[in-house]
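See below for run-v8.txt, which holds compact mmCIF, C-alpha atoms.
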# COMPACT_ATOMS: atom_id res chain seq x y z
CA MET A 1 5.02 85.20 -81.65
CA LYS A 2 8.28 86.86 -82.51
CA LYS A 3 10.50 84.48 -80.53
CA LEU A 4 9.29 81.31 -82.27
CA GLY A 5 12.79 79.97 -83.02
CA GLN A 6 13.86 80.59 -79.44
CA TYR A 7 10.74 78.82 -78.14
CA ILE A 8 11.40 75.78 -80.34
CA GLU A 9 14.97 75.58 -78.99
CA ILE A 10 13.67 75.84 -75.41
CA ILE A 11 11.22 72.95 -75.96
CA ASN A 12 13.84 70.88 -77.77
CA SER A 13 16.24 71.35 -74.81
CA SER A 14 13.87 69.51 -72.45
CA THR A 15 15.34 66.70 -70.37
CA ASN A 16 12.14 64.73 -69.67
CA PRO A 17 8.40 64.86 -70.50
CA GLU A 18 7.54 66.91 -67.39
CA ASP A 19 10.25 69.44 -68.22
CA ALA A 20 8.93 69.73 -71.79
CA PHE A 21 5.42 70.35 -70.47
CA GLN A 22 6.58 72.99 -67.96
CA LYS A 23 8.54 74.81 -70.66
CA PHE A 24 5.58 74.68 -73.04
CA CYS A 25 3.28 76.03 -70.28
CA SER A 26 5.69 78.88 -69.50
CA ILE A 27 5.82 79.91 -73.15
CA MET A 28 2.04 79.84 -73.50
CA LYS A 29 1.63 81.81 -70.26
CA GLU A 30 3.80 84.60 -71.74
CA HIS A 31 1.04 84.97 -74.33
CA GLY A 32 -1.88 84.96 -71.89
CA TYR A 33 -2.74 81.25 -72.08
CA ASP A 34 -2.23 80.25 -68.46
CA ARG A 35 -4.00 76.88 -68.70
CA VAL A 36 -2.75 73.98 -70.82
CA ALA A 37 -4.12 70.47 -71.25
CA TYR A 38 -2.36 67.75 -73.22
CA SER A 39 -4.84 64.93 -73.67
CA LEU A 40 -4.86 61.54 -75.33
CA VAL A 41 -8.15 61.61 -77.24
CA THR A 42 -7.63 58.06 -78.46
CA ASP A 43 -5.92 55.06 -76.88
CA HIS A 44 -2.15 55.16 -77.38
CA PRO A 45 -0.89 51.58 -77.78
CA SER A 46 2.53 52.93 -78.79
CA LEU A 47 2.89 54.39 -75.26
CA GLY A 48 0.83 51.73 -73.48
CA LEU A 49 -1.64 54.41 -72.35
CA PRO A 50 -5.43 54.63 -72.54
CA ARG A 51 -7.47 57.59 -73.77
CA GLN A 52 -7.44 60.29 -71.09
CA HIS A 53 -8.11 63.98 -70.62
CA GLY A 54 -5.17 65.85 -69.18
CA LEU A 55 -2.26 63.41 -69.36
CA ALA A 56 -0.31 66.58 -68.60
CA THR A 57 -2.30 69.61 -67.47
CA SER A 58 -2.17 72.94 -65.70
CA TYR A 59 -5.96 73.15 -65.54
CA PRO A 60 -7.27 73.53 -61.96
CA ASP A 61 -7.27 70.22 -60.06
CA ASP A 62 -10.86 70.64 -58.90
CA TRP A 63 -12.00 71.19 -62.49
CA MET A 64 -10.12 68.10 -63.70
CA LYS A 65 -11.67 65.98 -60.94
CA TYR A 66 -15.16 67.30 -61.72
CA TYR A 67 -14.62 66.82 -65.48
CA LYS A 68 -13.61 63.17 -64.97
CA GLU A 69 -16.47 62.47 -62.52
CA LYS A 70 -18.98 63.82 -65.06
CA ASN A 71 -17.32 61.84 -67.88
CA TYR A 72 -17.23 65.10 -69.84
CA MET A 73 -14.70 63.81 -72.36
CA GLU A 74 -17.64 62.13 -74.12
CA ILE A 75 -19.46 65.45 -74.77
CA ASP A 76 -16.61 67.95 -74.70
CA PRO A 77 -16.95 69.96 -77.94
CA VAL A 78 -13.19 70.61 -77.95
CA THR A 79 -12.43 66.88 -77.81
CA LEU A 80 -15.10 66.14 -80.41
CA ARG A 81 -13.58 68.74 -82.78
CA VAL A 82 -10.08 67.30 -82.21
CA LEU A 83 -11.46 63.90 -83.24
CA ALA A 84 -13.25 65.30 -86.30
CA SER A 85 -10.70 67.71 -87.79
CA ARG A 86 -6.96 68.39 -87.90
CA LYS A 87 -7.52 72.16 -88.29
CA PRO A 88 -6.56 74.45 -85.36
CA PHE A 89 -9.56 76.26 -83.90
CA PHE A 90 -10.80 78.84 -81.42
CA TRP A 91 -13.17 77.54 -78.76
CA SER A 92 -15.42 80.52 -79.46
CA ASP A 93 -16.16 79.01 -82.89
CA LEU A 94 -17.60 75.97 -81.13
CA THR A 95 -19.69 77.85 -78.58
CA ALA A 96 -21.04 80.23 -81.26
CA ASN A 97 -22.56 77.28 -83.16
CA PRO A 98 -26.35 77.44 -82.61
CA ASP A 99 -26.55 73.66 -83.15
CA LEU A 100 -24.14 72.88 -80.29
CA PHE A 101 -25.49 70.06 -78.10
CA ALA A 102 -26.92 71.76 -74.95
CA PRO A 103 -24.89 69.62 -72.47
CA SER A 104 -21.73 70.52 -74.43
CA LEU A 105 -22.52 74.22 -74.11
CA GLN A 106 -23.18 73.73 -70.39
CA LEU A 107 -19.77 72.03 -70.06
CA MET A 108 -18.09 75.05 -71.72
CA ASN A 109 -19.95 77.45 -69.40
CA GLU A 110 -18.89 75.43 -66.36
CA ALA A 111 -15.30 75.38 -67.62
CA GLN A 112 -15.36 79.15 -67.93
CA GLU A 113 -16.61 79.46 -64.33
CA ALA A 114 -13.70 77.20 -63.28
CA GLY A 115 -11.17 79.52 -64.95
CA VAL A 116 -10.75 77.46 -68.12
CA SER A 117 -12.09 79.63 -70.88
CA ASP A 118 -11.53 81.39 -74.16
CA GLY A 119 -9.20 78.78 -75.54
CA ILE A 120 -7.79 77.35 -78.69
CA GLY A 121 -7.42 73.72 -79.65
CA PHE A 122 -5.17 71.55 -81.77
CA SER A 123 -5.42 68.00 -83.00
CA LEU A 124 -2.06 66.29 -83.36
CA THR A 125 -1.41 62.88 -84.83
CA GLY A 126 0.98 60.19 -83.72
CA PRO A 127 1.30 56.62 -84.94
CA PRO A 128 -1.68 55.49 -87.07
CA GLY A 129 -4.92 55.91 -85.16
CA GLU A 130 -3.44 57.90 -82.28
CA LEU A 131 -4.68 61.45 -81.72
CA VAL A 132 -3.67 63.99 -79.11
CA GLY A 133 -5.53 67.15 -78.24
CA VAL A 134 -3.86 70.30 -76.97
CA GLY A 135 -6.12 72.81 -75.25
CA LEU A 136 -4.77 76.25 -74.43
CA ALA A 137 -7.07 78.29 -72.23
CA ARG A 138 -7.12 81.67 -70.53
CA THR A 139 -8.60 82.84 -67.28
CA ALA A 140 -9.03 86.32 -68.84
CA PRO A 141 -10.90 86.67 -72.15
CA ALA A 142 -8.90 87.46 -75.29
CA LYS A 143 -9.62 90.46 -77.47
CA GLY A 144 -10.65 88.85 -80.75
CA LYS A 145 -9.03 86.05 -82.71
CA ASP A 146 -5.26 86.20 -83.19
CA TYR A 147 -4.54 83.94 -86.16
CA MET A 148 -0.80 84.66 -86.10
CA PHE A 149 -0.67 83.44 -82.50
CA LEU A 150 -2.82 80.44 -83.45
CA ALA A 151 -0.31 79.51 -86.17
CA GLY A 152 2.73 79.91 -83.91
CA ALA A 153 1.09 78.06 -81.01
CA TYR A 154 0.14 75.23 -83.36
CA LEU A 155 3.74 74.85 -84.52
CA LEU A 156 5.01 74.94 -80.93
CA SER A 157 2.38 72.36 -79.96
CA VAL A 158 3.77 70.03 -82.62
CA TYR A 159 7.32 70.49 -81.28
CA PHE A 160 6.13 69.98 -77.72
CA HIS A 161 4.09 66.88 -78.67
CA GLU A 162 6.95 65.21 -80.52
CA THR A 163 9.45 66.08 -77.79
CA TYR A 164 7.12 64.80 -75.07
CA ARG A 165 6.35 61.55 -76.96
CA ASP A 166 10.03 60.87 -77.68
CA MET A 167 10.83 61.06 -73.95
CA CYS A 168 7.93 58.91 -72.71
CA PRO A 169 8.88 55.52 -71.25
CA GLY A 170 8.29 52.73 -73.71
CA HIS A 171 8.68 54.95 -76.75

Kindly present the structure from the file in C-alpha cells form.
Amino acid sequence: MKKLGQYIEIINSSTNPEDAFQKFCSIMKEHGYDRVAYSLVTDHPSLGLPRQHGLATSYPDDWMKYYKEKNYMEIDPVTLRVLASRKPFFWSDLTANPDLFAPSLQLMNEAQEAGVSDGIGFSLTGPPGELVGVGLARTAPAKGKDYMFLAGAYLLSVYFHETYRDMCPGH
C-alpha cells in the first residue's frame, strides 16, 4: 500500500458518512477487496444505534437480507473474533480452525458462494464498550496472506471509522 498517505487524505476529505464509506470502498477495491462491511458489533449508545451487521456495506443485498433472516450475526466467526480480540486477522485463519463450530463454517461457505469470501477483519473501538467490525472481502481468492496490506488496511480502517463516526448525526 504505497499510497497510504494519499489514501488517508482522501478519507479525511470526506463530506459526510456516506462519502467516507464510498471513498474507503474505492480504495479497498483498488487492492482487490471489492466487498466492505462496516458493522456495529455492540450497541452504540453514543450514536443512538443498536448492534447491526452492515451499517454501511457493499456486500450483495441478497446476501445481507439472507444473513439477517438467518440471524447469522450470532454465529458469524468474523463477528465473534471481532468481539474477542483487537488483532487484525485473515478469515482463512478462522475457517482453518478444526474446532470451528459447524454452523459457523457453513455460514462462511454460504458467504463464499454469495461472493463474499477470502476476507480480512478488524475490530475497532469507540467510546467504552462500543466495538465496530470492518470486514473486507473479495469475490476472487487472494494468493496467500499479505501482511503489509493487512497493516495498511487496518490503519485506513481506523481513519475511516473515526471520520465516519465524527460525521454521524448525534455525535

ask   = Within 12 Å of Thr139 (chain A), counting all atoms listed in the file, which residues qualify if same-chain residues fewer than 5 places away don't, as a list in words?
value =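 My list of contacting residues is Lys29, Gly32, Tyr33, Asp34, Arg35, Val36, Ser58, Tyr59, Pro60, Ala111, Gln112, Glu113, Ala114, Gly115, Val116, Ser117, Asp118 and Gly119 of chain A.
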
task = Check the smallest atom-to-atom distance from each of A:Val82, A:Pro77, A:Pro127, A:Tyr154 to Leu100 (chain A) using only C-alpha atoms, then report the winner.
result =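 Checking each candidate against Leu100 (chain A), we get A:Pro77 as the closest.
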
message = Can you tell me which residues surround Phe160 (chain A) at a distance of at most 7 Å, considering all atoms listed in the file, apart from same-chain residues fewer than 2 positions away, and format the answer as a list in words?
response =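 What passes the distance filter is Ile11, Ala20, Phe24, Leu156, Ser157, Val158, Glu162, Thr163 and Tyr164 of chain A.
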
ask   = What does the distance between CA of Leu80 (chain A) and CA of His161 (chain A) come to in Å, to one decimal place?
value =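 Between these atoms lies a distance of 19.3 Å.
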
CA of Tyr38 (chain A) to CA of Glu9 (chain A), distance in Å rounded to a single decimal =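 According to the coordinates, CA of Tyr38 (chain A) and CA of Glu9 (chain A) are separated by 19.9 Å.
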
query = CA of Met73 (chain A) and CA of Phe101 (chain A), how far apart in Å?
reply =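 Between CA of Phe101 (chain A) and CA of Met73 (chain A) the gap is 13.7 Å.
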
query = If we count only C-alpha atoms, what is near Glu110 (chain A) at a cut-off of 12 Å, once residues fewer than 6 positions away on the same chain are taken out, given as a PyMOL selection string?
reply = chain A and resi 62-64+66-67+70+72+76+103-104+116-117

request  = For each of A:Ser46, A:Thr57, A:Asn109, A:Thr95, take the minimum atom-to-atom distance to Glu18 (chain A), counting all atoms listed in the file, then give the residue where this is smallest.
outcome  =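 Checking each of A:Ser46, A:Thr57, A:Asn109, A:Thr95 against Glu18 (chain A), counting all atoms listed in the file, the winner is A:Thr57.
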